[in-house]
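run25.pdb (PDB, C-alpha atoms)
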ATOM      1  CA  MET A  24       0.000   0.000   0.000
ATOM      2  CA  LYS A  25       2.752   2.413   0.909
ATOM      3  CA  LEU A  26       4.498   1.769  -2.368
ATOM      4  CA  ALA A  27       1.227   2.242  -4.281
ATOM      5  CA  ALA A  28       0.636   5.538  -2.470
ATOM      6  CA  ALA A  29       4.159   6.684  -3.319
ATOM      7  CA  VAL A  30       3.645   5.779  -6.980
ATOM      8  CA  LEU A  31       0.344   7.664  -7.073
ATOM      9  CA  LEU A  32       1.972  10.683  -5.452
ATOM     10  CA  CYS A  33       4.721  10.686  -8.062
ATOM     11  CA  ALA A  34       2.153  10.315 -10.839
ATOM     12  CA  ALA A  35       0.328  13.331  -9.431
ATOM     13  CA  CYS A  36       3.578  15.304  -9.443
ATOM     14  CA  ALA A  37       4.206  14.397 -13.050
ATOM     15  CA  LEU A  38       0.736  15.509 -14.203
ATOM     16  CA  PRO A  39       0.407  18.868 -15.965
ATOM     17  CA  ALA A  40       1.038  21.774 -13.628
ATOM     18  CA  GLY A  41      -2.445  23.173 -14.228
ATOM     19  CA  ASP A  42      -3.165  26.762 -15.183
ATOM     20  CA  PRO A  43      -1.173  28.491 -17.932
ATOM     21  CA  ALA A  44       1.354  31.112 -16.739
ATOM     22  CA  GLY A  45      -0.428  34.393 -16.103
ATOM     23  CA  PHE A  46      -3.894  32.867 -15.915
ATOM     24  CA  TYR A  47      -5.991  33.778 -12.880
ATOM     25  CA  ILE A  48      -9.605  33.457 -11.898
ATOM     26  CA  TRP A  49     -10.950  35.249  -8.860
ATOM     27  CA  LYS A  50     -14.445  34.360  -7.712
ATOM     28  CA  SER A  51     -16.744  37.196  -6.702
ATOM     29  CA  ALA A  52     -16.890  35.950  -3.082
ATOM     30  CA  GLU A  53     -13.096  35.785  -2.909
ATOM     31  CA  LEU A  54     -12.785  39.414  -4.072
ATOM     32  CA  LYS A  55     -15.489  40.615  -1.676
ATOM     33  CA  GLY A  56     -13.707  38.763   1.157
ATOM     34  CA  PHE A  57     -10.774  41.207   0.953
ATOM     35  CA  SER A  58     -12.953  43.824   2.660
ATOM     36  CA  LYS A  59     -12.580  41.847   5.895
ATOM     37  CA  THR A  60      -9.102  40.379   5.471
ATOM     38  CA  LEU A  61      -7.502  43.752   4.669
ATOM     39  CA  ALA A  62      -9.339  45.683   7.429
ATOM     40  CA  PRO A  63      -6.853  44.731  10.204
ATOM     41  CA  LYS A  64      -3.938  45.820   7.963
ATOM     42  CA  LEU A  65      -4.886  49.484   7.511
ATOM     43  CA  ASN A  66      -1.949  51.895   7.700
ATOM     44  CA  ASP A  67      -1.940  55.401   9.180
ATOM     45  CA  LYS A  68      -3.501  56.652   5.942
ATOM     46  CA  HIS A  69      -6.499  54.335   6.422
ATOM     47  CA  VAL A  70      -5.606  52.123   3.456
ATOM     48  CA  ALA A  71      -4.469  48.528   3.027
ATOM     49  CA  SER A  72      -3.625  47.012  -0.322
ATOM     50  CA  ASP A  73      -2.266  43.793  -1.758
ATOM     51  CA  VAL A  74      -0.666  43.104  -5.110
ATOM     52  CA  ILE A  75      -2.426  39.883  -6.070
ATOM     53  CA  ALA A  76      -0.831  39.192  -9.445
ATOM     54  CA  SER A  77       1.202  40.700 -12.229
ATOM     55  CA  HIS A  78       1.984  39.616 -15.759
ATOM     56  CA  GLY A  79       3.950  41.520 -18.409
ATOM     57  CA  ASN A  80       2.665  45.075 -18.779
ATOM     58  CA  TYR A  81      -0.285  44.746 -16.412
ATOM     59  CA  GLY A  82      -0.982  43.779 -12.817
ATOM     60  CA  PHE A  83      -3.722  43.416 -10.226
ATOM     61  CA  GLN A  84      -4.186  44.881  -6.772
ATOM     62  CA  ILE A  85      -6.890  44.990  -4.140
ATOM     63  CA  ALA A  86      -7.301  48.153  -2.069
ATOM     64  CA  HIS A  87      -9.394  48.662   1.052
ATOM     65  CA  ARG A  88      -9.989  52.080   2.590
ATOM     66  CA  GLU A  89     -11.718  53.215   5.753
ATOM     67  CA  GLY A  90     -10.871  56.901   5.447
ATOM     68  CA  SER A  91     -10.004  59.450   2.749
ATOM     69  CA  GLY A  92      -6.814  58.711   0.848
ATOM     70  CA  GLU A  93      -4.157  60.933  -0.641
ATOM     71  CA  GLY A  94      -4.267  62.565  -4.024
ATOM     72  CA  GLU A  95      -2.424  60.248  -6.417
ATOM     73  CA  TRP A  96      -0.806  60.733  -9.808
ATOM     74  CA  HIS A  97       0.818  57.978 -11.857
ATOM     75  CA  GLU A  98       3.025  58.909 -14.777
ATOM     76  CA  LYS A  99       3.106  55.474 -16.410
ATOM     77  CA  ASN A 100       0.232  53.392 -15.045
ATOM     78  CA  ALA A 101      -3.430  53.628 -16.014
ATOM     79  CA  ASP A 102      -5.745  52.440 -13.211
ATOM     80  CA  ILE A 103      -8.995  50.586 -13.766
ATOM     81  CA  PHE A 104     -11.099  50.290 -10.598
ATOM     82  CA  PHE A 105     -13.770  47.633 -10.091
ATOM     83  CA  VAL A 106     -15.598  48.469  -6.869
ATOM     84  CA  GLN A 107     -16.323  45.337  -4.824
ATOM     85  CA  SER A 108     -18.037  46.735  -1.743
ATOM     86  CA  GLY A 109     -18.751  49.998   0.068
ATOM     87  CA  GLU A 110     -18.825  53.525  -1.314
ATOM     88  CA  ALA A 111     -16.718  56.652  -1.703
ATOM     89  CA  THR A 112     -16.427  59.908  -3.607
ATOM     90  CA  LEU A 113     -13.825  59.825  -6.356
ATOM     91  CA  VAL A 114     -12.146  63.128  -7.177
ATOM     92  CA  TYR A 115     -10.400  63.167 -10.556
ATOM     93  CA  GLY A 116      -8.770  65.678 -12.862
ATOM     94  CA  GLY A 117      -7.559  69.057 -11.631
ATOM     95  CA  ASP A 118      -4.183  69.336  -9.928
ATOM     96  CA  LEU A 119      -2.472  67.860  -6.892
ATOM     97  CA  VAL A 120      -2.031  70.522  -4.213
ATOM     98  CA  ASP A 121       1.649  70.606  -3.221
ATOM     99  CA  GLY A 122       2.312  67.199  -4.822
ATOM    100  CA  LYS A 123       5.441  65.340  -3.749
ATOM    101  CA  THR A 124       7.323  62.706  -5.739
ATOM    102  CA  THR A 125       7.185  59.507  -3.688
ATOM    103  CA  GLY A 126       8.684  57.068  -6.198
ATOM    104  CA  PRO A 127       9.599  56.814  -9.883
ATOM    105  CA  GLY A 128       6.664  58.282 -11.816
ATOM    106  CA  GLU A 129       4.556  58.571  -8.647
ATOM    107  CA  MET A 130       3.260  61.710  -6.948
ATOM    108  CA  ARG A 131       1.084  62.123  -3.849
ATOM    109  CA  SER A 132      -0.605  65.059  -2.145
ATOM    110  CA  ALA A 133      -3.007  65.826   0.664
ATOM    111  CA  SER A 134      -5.667  67.055  -1.747
ATOM    112  CA  ILE A 135      -6.673  67.969  -5.300
ATOM    113  CA  LYS A 136      -7.950  71.317  -6.529
ATOM    114  CA  GLY A 137     -10.176  71.814  -9.544
ATOM    115  CA  GLY A 138     -11.171  68.159  -9.784
ATOM    116  CA  THR A 139     -14.566  66.610 -10.520
ATOM    117  CA  GLU A 140     -16.354  64.519  -7.881
ATOM    118  CA  LYS A 141     -18.358  61.376  -8.476
ATOM    119  CA  LYS A 142     -19.975  58.984  -6.007
ATOM    120  CA  ILE A 143     -18.863  55.434  -6.634
ATOM    121  CA  ALA A 144     -20.304  52.223  -5.207
ATOM    122  CA  ALA A 145     -20.180  48.440  -5.548
ATOM    123  CA  GLY A 146     -20.293  47.226  -9.168
ATOM    124  CA  ASP A 147     -19.116  50.540 -10.648
ATOM    125  CA  VAL A 148     -16.076  50.664 -12.930
ATOM    126  CA  VAL A 149     -13.785  53.687 -13.303
ATOM    127  CA  THR A 150     -10.798  54.095 -15.597
ATOM    128  CA  ILE A 151      -8.105  56.636 -14.689
ATOM    129  CA  PRO A 152      -5.652  57.451 -17.496
ATOM    130  CA  VAL A 153      -1.991  58.147 -16.774
ATOM    131  CA  LYS A 154      -1.154  61.632 -15.464
ATOM    132  CA  VAL A 155      -4.688  62.266 -14.192
ATOM    133  CA  ALA A 156      -4.839  63.218 -10.497
ATOM    134  CA  HIS A 157      -7.304  61.204  -8.424
ATOM    135  CA  GLN A 158      -8.306  60.769  -4.802
ATOM    136  CA  MET A 159     -10.797  58.667  -2.843
ATOM    137  CA  LYS A 160     -12.776  60.538  -0.207
ATOM    138  CA  LEU A 161     -14.725  58.555   2.349
ATOM    139  CA  ASP A 162     -17.468  59.666   4.683
ATOM    140  CA  LYS A 163     -16.966  58.788   8.341
ATOM    141  CA  GLY A 164     -17.835  55.183   9.144
ATOM    142  CA  LYS A 165     -17.756  54.071   5.473
ATOM    143  CA  GLU A 166     -15.435  51.691   3.674
ATOM    144  CA  ILE A 167     -14.614  50.950   0.067
ATOM    145  CA  THR A 168     -12.885  47.880  -1.349
ATOM    146  CA  TYR A 169     -11.896  47.772  -5.002
ATOM    147  CA  PHE A 170     -10.005  45.620  -7.448
ATOM    148  CA  VAL A 171      -7.432  47.548  -9.493
ATOM    149  CA  VAL A 172      -6.001  46.629 -12.873
ATOM    150  CA  LYS A 173      -2.804  48.582 -13.513
ATOM    151  CA  VAL A 174      -1.751  48.871 -17.145
ATOM    152  CA  ALA A 175       1.738  50.235 -17.883
ATOM    153  CA  GLN A 176       1.804  52.716 -20.753
TER     154      GLN A 176
ATOM    155  CA  MET B  30     -33.890  84.780 -28.362
ATOM    156  CA  ARG B  31     -32.080  82.883 -31.063
ATOM    157  CA  PRO B  32     -28.745  84.665 -30.765
ATOM    158  CA  ILE B  33     -28.923  84.211 -27.012
ATOM    159  CA  ALA B  34     -29.572  80.508 -27.416
ATOM    160  CA  ILE B  35     -26.601  80.226 -29.770
ATOM    161  CA  VAL B  36     -24.368  82.117 -27.370
ATOM    162  CA  LEU B  37     -25.484  79.887 -24.487
ATOM    163  CA  LEU B  38     -24.841  76.786 -26.565
ATOM    164  CA  GLY B  39     -21.373  78.083 -27.429
ATOM    165  CA  ALA B  40     -20.699  78.854 -23.773
ATOM    166  CA  ALA B  41     -21.740  75.348 -22.788
ATOM    167  CA  PHE B  42     -19.249  73.862 -25.235
ATOM    168  CA  ALA B  43     -16.512  76.187 -24.100
ATOM    169  CA  PHE B  44     -17.013  75.487 -20.401
ATOM    170  CA  SER B  45     -17.643  71.767 -20.362
ATOM    171  CA  ALA B  46     -14.032  70.815 -20.854
ATOM    172  CA  GLY B  47     -15.331  67.420 -19.759
ATOM    173  CA  ASP B  48     -13.510  64.373 -18.556
ATOM    174  CA  PRO B  49      -9.848  63.697 -19.335
ATOM    175  CA  GLN B  50      -9.281  61.590 -22.444
ATOM    176  CA  GLY B  51      -9.382  57.915 -21.508
ATOM    177  CA  PHE B  52     -11.405  58.545 -18.349
ATOM    178  CA  TYR B  53     -14.609  56.525 -18.092
ATOM    179  CA  PHE B  54     -17.109  55.987 -15.327
ATOM    180  CA  TRP B  55     -19.726  53.272 -15.666
ATOM    181  CA  THR B  56     -22.155  52.563 -12.859
ATOM    182  CA  SER B  57     -23.105  49.012 -12.092
ATOM    183  CA  ALA B  58     -26.534  49.691 -13.658
ATOM    184  CA  ASP B  59     -24.940  51.147 -16.843
ATOM    185  CA  LEU B  60     -22.936  47.955 -17.249
ATOM    186  CA  LYS B  61     -25.753  45.505 -16.501
ATOM    187  CA  MET B  62     -28.059  47.330 -18.939
ATOM    188  CA  HIS B  63     -26.043  45.884 -21.832
ATOM    189  CA  THR B  64     -27.568  42.477 -21.076
ATOM    190  CA  LYS B  65     -30.789  43.779 -22.630
ATOM    191  CA  SER B  66     -29.441  46.294 -25.124
ATOM    192  CA  LEU B  67     -27.078  43.827 -26.819
ATOM    193  CA  SER B  68     -29.576  40.961 -27.027
ATOM    194  CA  PRO B  69     -31.366  42.234 -30.197
ATOM    195  CA  LYS B  70     -27.972  42.853 -31.880
ATOM    196  CA  MET B  71     -26.733  39.247 -31.745
ATOM    197  CA  ASP B  72     -25.283  37.548 -34.806
ATOM    198  CA  PRO B  73     -26.359  34.030 -35.885
ATOM    199  CA  LYS B  74     -23.985  32.600 -33.260
ATOM    200  CA  LYS B  75     -25.995  34.477 -30.597
ATOM    201  CA  PHE B  76     -23.068  36.785 -29.888
ATOM    202  CA  ALA B  77     -22.985  40.584 -29.732
ATOM    203  CA  ASN B  78     -20.398  43.041 -28.495
ATOM    204  CA  GLN B  79     -19.907  46.768 -28.117
ATOM    205  CA  LYS B  80     -16.754  48.796 -27.602
ATOM    206  CA  LEU B  81     -17.237  51.072 -24.596
ATOM    207  CA  GLY B  82     -14.011  53.031 -24.730
ATOM    208  CA  GLU B  83     -10.274  52.995 -25.263
ATOM    209  CA  ASN B  84      -7.079  54.319 -23.796
ATOM    210  CA  GLY B  85      -3.848  53.782 -25.728
ATOM    211  CA  ASN B  86      -2.728  50.166 -25.310
ATOM    212  CA  HIS B  87      -6.053  48.907 -23.925
ATOM    213  CA  TYR B  88      -9.744  49.121 -24.667
ATOM    214  CA  TYR B  89     -13.055  48.120 -23.138
ATOM    215  CA  LEU B  90     -15.505  45.745 -24.750
ATOM    216  CA  MET B  91     -18.910  44.539 -23.519
ATOM    217  CA  VAL B  92     -19.763  41.022 -24.685
ATOM    218  CA  HIS B  93     -23.141  39.296 -24.615
ATOM    219  CA  ARG B  94     -23.707  35.618 -25.445
ATOM    220  CA  GLU B  95     -26.840  33.502 -25.483
ATOM    221  CA  ALA B  96     -25.137  30.358 -26.791
ATOM    222  CA  THR B  97     -21.728  28.689 -26.783
ATOM    223  CA  GLY B  98     -19.402  30.661 -29.024
ATOM    224  CA  ASP B  99     -16.195  29.951 -30.902
ATOM    225  CA  ALA B 100     -13.013  29.094 -29.096
ATOM    226  CA  GLU B 101     -10.644  32.074 -29.332
ATOM    227  CA  LEU B 102      -6.947  32.752 -29.183
ATOM    228  CA  HIS B 103      -5.417  36.221 -29.267
ATOM    229  CA  GLU B 104      -1.724  36.323 -30.150
ATOM    230  CA  THR B 105      -1.117  39.865 -28.933
ATOM    231  CA  GLN B 106      -3.910  40.688 -26.474
ATOM    232  CA  ALA B 107      -4.662  39.699 -22.904
ATOM    233  CA  ASP B 108      -8.326  39.624 -21.854
ATOM    234  CA  ILE B 109      -9.395  40.690 -18.392
ATOM    235  CA  ILE B 110     -12.979  39.486 -18.071
ATOM    236  CA  VAL B 111     -15.400  40.816 -15.448
ATOM    237  CA  VAL B 112     -18.756  39.037 -15.448
ATOM    238  CA  GLN B 113     -21.759  41.369 -15.149
ATOM    239  CA  THR B 114     -24.823  39.133 -15.437
ATOM    240  CA  GLY B 115     -25.822  35.565 -16.261
ATOM    241  CA  GLU B 116     -23.745  32.427 -16.155
ATOM    242  CA  GLY B 117     -21.600  30.207 -18.299
ATOM    243  CA  SER B 118     -18.442  28.211 -18.157
ATOM    244  CA  LEU B 119     -14.961  29.000 -19.303
ATOM    245  CA  VAL B 120     -12.711  26.444 -20.949
ATOM    246  CA  TYR B 121      -9.073  27.524 -21.123
ATOM    247  CA  GLY B 122      -5.688  26.093 -21.948
ATOM    248  CA  GLY B 123      -5.331  22.852 -23.928
ATOM    249  CA  GLN B 124      -5.406  22.921 -27.713
ATOM    250  CA  MET B 125      -7.774  24.654 -30.075
ATOM    251  CA  VAL B 126      -9.576  22.268 -32.422
ATOM    252  CA  ASP B 127      -9.277  23.125 -36.110
ATOM    253  CA  GLY B 128      -8.110  26.696 -35.436
ATOM    254  CA  LYS B 129      -8.287  29.174 -38.314
ATOM    255  CA  THR B 130      -6.766  32.642 -38.557
ATOM    256  CA  THR B 131      -9.740  35.009 -38.908
ATOM    257  CA  ALA B 132      -7.863  38.320 -38.622
ATOM    258  CA  PRO B 133      -4.268  39.344 -37.866
ATOM    259  CA  ASN B 134      -3.219  37.636 -34.602
ATOM    260  CA  GLU B 135      -6.707  36.183 -34.094
ATOM    261  CA  ILE B 136      -7.466  32.451 -34.230
ATOM    262  CA  ARG B 137     -10.909  30.897 -33.916
ATOM    263  CA  GLY B 138     -12.085  27.300 -33.800
ATOM    264  CA  PRO B 139     -15.154  25.247 -32.940
ATOM    265  CA  GLY B 140     -13.788  24.033 -29.600
ATOM    266  CA  ILE B 141     -10.882  23.131 -27.315
ATOM    267  CA  THR B 142      -9.484  19.755 -26.289
ATOM    268  CA  GLY B 143      -7.592  19.135 -23.079
ATOM    269  CA  GLY B 144      -8.604  22.433 -21.486
ATOM    270  CA  ILE B 145      -9.737  23.153 -17.940
ATOM    271  CA  GLU B 146     -13.391  24.129 -17.408
ATOM    272  CA  LYS B 147     -14.605  26.457 -14.670
ATOM    273  CA  PRO B 148     -17.983  28.093 -13.976
ATOM    274  CA  LEU B 149     -18.423  31.838 -14.490
ATOM    275  CA  MET B 150     -20.812  33.882 -12.349
ATOM    276  CA  PRO B 151     -21.472  37.613 -11.859
ATOM    277  CA  GLY B 152     -18.621  39.385 -10.114
ATOM    278  CA  ASP B 153     -16.017  36.823 -11.153
ATOM    279  CA  VAL B 154     -12.817  38.177 -12.713
ATOM    280  CA  VAL B 155     -10.609  36.245 -15.124
ATOM    281  CA  GLU B 156      -7.146  37.132 -16.385
ATOM    282  CA  MET B 157      -6.571  35.407 -19.727
ATOM    283  CA  PRO B 158      -2.997  35.882 -20.948
ATOM    284  CA  ALA B 159      -2.278  36.282 -24.668
ATOM    285  CA  LYS B 160      -1.827  33.054 -26.674
ATOM    286  CA  VAL B 161      -3.989  30.925 -24.341
ATOM    287  CA  PRO B 162      -6.997  29.314 -26.067
ATOM    288  CA  HIS B 163     -10.300  30.037 -24.335
ATOM    289  CA  TRP B 164     -13.934  29.276 -24.960
ATOM    290  CA  VAL B 165     -17.086  30.532 -23.248
ATOM    291  CA  LYS B 166     -19.842  27.926 -23.104
ATOM    292  CA  VAL B 167     -23.441  28.898 -22.404
ATOM    293  CA  ALA B 168     -26.137  26.333 -21.547
ATOM    294  CA  PRO B 169     -29.433  26.414 -23.493
ATOM    295  CA  GLY B 170     -31.746  29.141 -22.196
ATOM    296  CA  LYS B 171     -28.926  30.947 -20.350
ATOM    297  CA  GLN B 172     -27.024  34.121 -21.145
ATOM    298  CA  ILE B 173     -23.801  35.722 -19.996
ATOM    299  CA  THR B 174     -22.727  39.364 -20.273
ATOM    300  CA  TYR B 175     -19.210  40.459 -19.406
ATOM    301  CA  LEU B 176     -16.886  43.425 -19.647
ATOM    302  CA  VAL B 177     -13.488  42.703 -21.192
ATOM    303  CA  VAL B 178     -10.441  44.892 -20.778
ATOM    304  CA  LYS B 179      -8.298  44.064 -23.811
ATOM    305  CA  VAL B 180      -4.644  44.843 -23.170
ATOM    306  CA  ILE B 181      -2.145  44.811 -26.023
ATOM    307  CA  VAL B 182       0.888  43.033 -24.618
TER     308      VAL B 182
END
The structure in this file should be written as structure tokens.
Amino acid sequence: MKLAAAVLLCAACALPAGDPAGFYIWKSAELKGFSKTLAPKLNDKHVASDVIASHGNYGFQIAHREGSGEGEWHEKNADIFFVQSGEATLVYGGDLVDGKTTGPGEMRSASIKGGTEKKIAAGDVVTIPVKVAHQMKLDKGKEITYFVVKVAQ
Amino acid sequence: MRPIAIVLLGAAFAFSAGDPQGFYFWTSADLKMHTKSLSPKMDPKKFANQKLGENGNHYYLMVHREATGDAELHETQADIIVVQTGEGSLVYGGQMVDGKTTAPNEIRGPGITGGIEKPLMPGDVVEMPAKVPHWVKVAPGKQITYLVVKVIV
């Protein structure tokens, strides 16, 4: 029996490795679950995020916020947001106020002036082109959790 | 009155600088609405699609199916699929059966052998790398509607 088990184990090892490189499937429930699993990991800016995959010129992150974030500006990455749960006000366009470079091609600020505001909620999709300032503002007691596709341009 | 109306119209154009190029905002309801709006536009394979927008190296396509479609392979594009409504199953990997080049870098066939099959439900997200055969199957009487971010890799 032990030998048979060992043979079966080896056979299992030799079988095809499964998914093609770069293939991922995330079930809806799995994505919505990040709202709870990221909550204990919030930083002092009320945000927690995880890079969940990357492949070539694009990648995937999950972000969870329980307070307003910073103004953000990406020189080389377009962001596509798929809201999983909660709600927020997205500010986009306009200019970062006193923006600081925080990394290559990345700027942050406390706020944005001259932007447009839109309420966003679960199921909504927003696409932010490169070099467009954006910020998530949250009302007290609210949360937002969203899946982000980052496309390098 | 007429000159005033014309002036007002002109002013409206001048002031509504509008959203930055490549910025899109679709509410959950906007996206789900395509389930109904695309249904009358289906081809004989019970497939319809509509381009929703574009931004440099990626664009956004809404797809509606009421029957199993062709297997597909994109040589130079990754598909990020976000299911909006309905249900189906996704076969991926393996080998395309009787694949034919239907356009530059695009191969289609009637099916896939040796692939992996997984169910697709609303809210699920799939990352399909370039060059991986994939095939959306829809059971009789069912439909599936999904947003695809097509990234040129």
Taking all atoms listed in the file into account, produce a table as JSON lines in which each residue of chain B with an atom at most 10 Å from an atom of chain A appears once, together with its shortest atom pair and the distance in Å to one decimal, ordered by chain and rising number.
{"residue": "B:Gly47", "atom": "CA", "partner": "A:Thr139", "partner_atom": "CA", "distance": 9.3}
{"residue": "B:Asp48", "atom": "CA", "partner": "A:Gly116", "partner_atom": "CA", "distance": 7.5}
{"residue": "B:Pro49", "atom": "CA", "partner": "A:Gly116", "partner_atom": "CA", "distance": 6.9}
{"residue": "B:Gln50", "atom": "CA", "partner": "A:Pro152", "partner_atom": "CA", "distance": 7.4}
{"residue": "B:Gly51", "atom": "CA", "partner": "A:Pro152", "partner_atom": "CA", "distance": 5.5}
{"residue": "B:Phe52", "atom": "CA", "partner": "A:Thr150", "partner_atom": "CA", "distance": 5.3}
{"residue": "B:Tyr53", "atom": "CA", "partner": "A:Thr150", "partner_atom": "CA", "distance": 5.2}
{"residue": "B:Phe54", "atom": "CA", "partner": "A:Val149", "partner_atom": "CA", "distance": 4.5}
{"residue": "B:Trp55", "atom": "CA", "partner": "A:Val148", "partner_atom": "CA", "distance": 5.3}
{"residue": "B:Thr56", "atom": "CA", "partner": "A:Asp147", "partner_atom": "CA", "distance": 4.3}
{"residue": "B:Ser57", "atom": "CA", "partner": "A:Gly146", "partner_atom": "CA", "distance": 4.4}
{"residue": "B:Ala58", "atom": "CA", "partner": "A:Asp147", "partner_atom": "CA", "distance": 8.1}
{"residue": "B:Asp59", "atom": "CA", "partner": "A:Asp147", "partner_atom": "CA", "distance": 8.5}
{"residue": "B:Leu60", "atom": "CA", "partner": "A:Asp147", "partner_atom": "CA", "distance": 8.1}
{"residue": "B:Lys61", "atom": "CA", "partner": "A:Gly146", "partner_atom": "CA", "distance": 9.3}
{"residue": "B:Gly82", "atom": "CA", "partner": "A:Thr150", "partner_atom": "CA", "distance": 9.7}
{"residue": "B:Glu83", "atom": "CA", "partner": "A:Thr150", "partner_atom": "CA", "distance": 9.7}
{"residue": "B:Asn84", "atom": "CA", "partner": "A:Pro152", "partner_atom": "CA", "distance": 7.2}
{"residue": "B:Gly85", "atom": "CA", "partner": "A:Gln176", "partner_atom": "CA", "distance": 7.6}
{"residue": "B:Asn86", "atom": "CA", "partner": "A:Gln176", "partner_atom": "CA", "distance": 6.9}
{"residue": "B:His87", "atom": "CA", "partner": "A:Val174", "partner_atom": "CA", "distance": 8.0}
{"residue": "B:Tyr89", "atom": "CA", "partner": "A:Thr150", "partner_atom": "CA", "distance": 9.9}
{"residue": "B:Ala107", "atom": "CA", "partner": "A:Tyr81", "partner_atom": "CA", "distance": 9.3}
{"residue": "B:Ile109", "atom": "CA", "partner": "A:Val172", "partner_atom": "CA", "distance": 8.8}
{"residue": "B:Ile110", "atom": "CA", "partner": "A:Ile48", "partner_atom": "CA", "distance": 9.3}
{"residue": "B:Val111", "atom": "CA", "partner": "A:Phe105", "partner_atom": "CA", "distance": 8.8}
{"residue": "B:Val112", "atom": "CA", "partner": "A:Ser51", "partner_atom": "CA", "distance": 9.2}
{"residue": "B:Gln113", "atom": "CA", "partner": "A:Gly146", "partner_atom": "CA", "distance": 8.5}
{"residue": "B:Tyr121", "atom": "CA", "partner": "A:Asp42", "partner_atom": "CA", "distance": 8.4}
{"residue": "B:Gly122", "atom": "CA", "partner": "A:Pro43", "partner_atom": "CA", "distance": 6.5}
{"residue": "B:Gly123", "atom": "CA", "partner": "A:Pro43", "partner_atom": "CA", "distance": 9.2}
{"residue": "B:Gly144", "atom": "CA", "partner": "A:Asp42", "partner_atom": "CA", "distance": 9.4}
{"residue": "B:Ile145", "atom": "CA", "partner": "A:Asp42", "partner_atom": "CA", "distance": 8.0}
{"residue": "B:Lys147", "atom": "CA", "partner": "A:Ile48", "partner_atom": "CA", "distance": 9.0}
{"residue": "B:Pro148", "atom": "CA", "partner": "A:Lys50", "partner_atom": "CA", "distance": 9.5}
{"residue": "B:Leu149", "atom": "CA", "partner": "A:Lys50", "partner_atom": "CA", "distance": 8.3}
{"residue": "B:Met150", "atom": "CA", "partner": "A:Ser51", "partner_atom": "CA", "distance": 7.7}
{"residue": "B:Pro151", "atom": "CA", "partner": "A:Ser51", "partner_atom": "CA", "distance": 7.0}
{"residue": "B:Gly152", "atom": "CA", "partner": "A:Ser51", "partner_atom": "CA", "distance": 4.5}
{"residue": "B:Asp153", "atom": "CA", "partner": "A:Lys50", "partner_atom": "CA", "distance": 4.5}
{"residue": "B:Val154", "atom": "CA", "partner": "A:Trp49", "partner_atom": "CA", "distance": 5.2}
{"residue": "B:Val155", "atom": "CA", "partner": "A:Ile48", "partner_atom": "CA", "distance": 4.4}
{"residue": "B:Glu156", "atom": "CA", "partner": "A:Tyr47", "partner_atom": "CA", "distance": 5.0}
{"residue": "B:Met157", "atom": "CA", "partner": "A:Phe46", "partner_atom": "CA", "distance": 5.3}
{"residue": "B:Pro158", "atom": "CA", "partner": "A:Gly45", "partner_atom": "CA", "distance": 5.7}
{"residue": "B:Ala159", "atom": "CA", "partner": "A:Gly45", "partner_atom": "CA", "distance": 9.0}
{"residue": "B:Lys160", "atom": "CA", "partner": "A:Pro43", "partner_atom": "CA", "distance": 9.9}
{"residue": "B:Val161", "atom": "CA", "partner": "A:Pro43", "partner_atom": "CA", "distance": 7.4}
{"residue": "B:Leu176", "atom": "CA", "partner": "A:Val148", "partner_atom": "CA", "distance": 9.9}
{"residue": "B:Val178", "atom": "CA", "partner": "A:Ile103", "partner_atom": "CA", "distance": 9.1}
{"residue": "B:Val180", "atom": "CA", "partner": "A:Val174", "partner_atom": "CA", "distance": 7.8}
{"residue": "B:Ile181", "atom": "CA", "partner": "A:Asn80", "partner_atom": "CA", "distance": 8.7}
{"residue": "B:Val182", "atom": "CA", "partner": "A:Asn80", "partner_atom": "CA", "distance": 6.4}
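Here, the PyMOL selection byres ((chain A and resi 74) around 7) matches Ser72, Asp73, Ile75, Ala76, Phe83, Gln84 and Ile85 of chain A.
CA of Met62 in chain B to CA of Trp164 in chain B spans 23.7 Å [interatomic distance, one decimal].
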> Care to translate the PyMOL selection byres ((chain B and resi 137) around 7) into actual residues of this file, as a list of chain:residue names?
Replying inline: B:Asp99, B:Ala100, B:Glu101, B:Leu102, B:Gly128, B:Lys129, B:Thr130, B:Thr131, B:Glu135, B:Ile136, B:Gly138
Mind working out the centre and edge lengths of an axis-aligned box for range 98-113 of chain B, all listed atoms inside, 4 Å added to each side, rounded to one decimal in Å and written as JSON?
{"center_x": -11.4, "center_y": 35.2, "center_z": -23.0, "size_x": 28.6, "size_y": 20.3, "size_z": 23.8}
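CA of Ala133 in chain A sits 24.4 Å away from CA of Ser108 in chain A.
The interatomic distance for the pair CA of Lys59 in chain A and CA of Ser134 in chain A works out to 27.2 Å.
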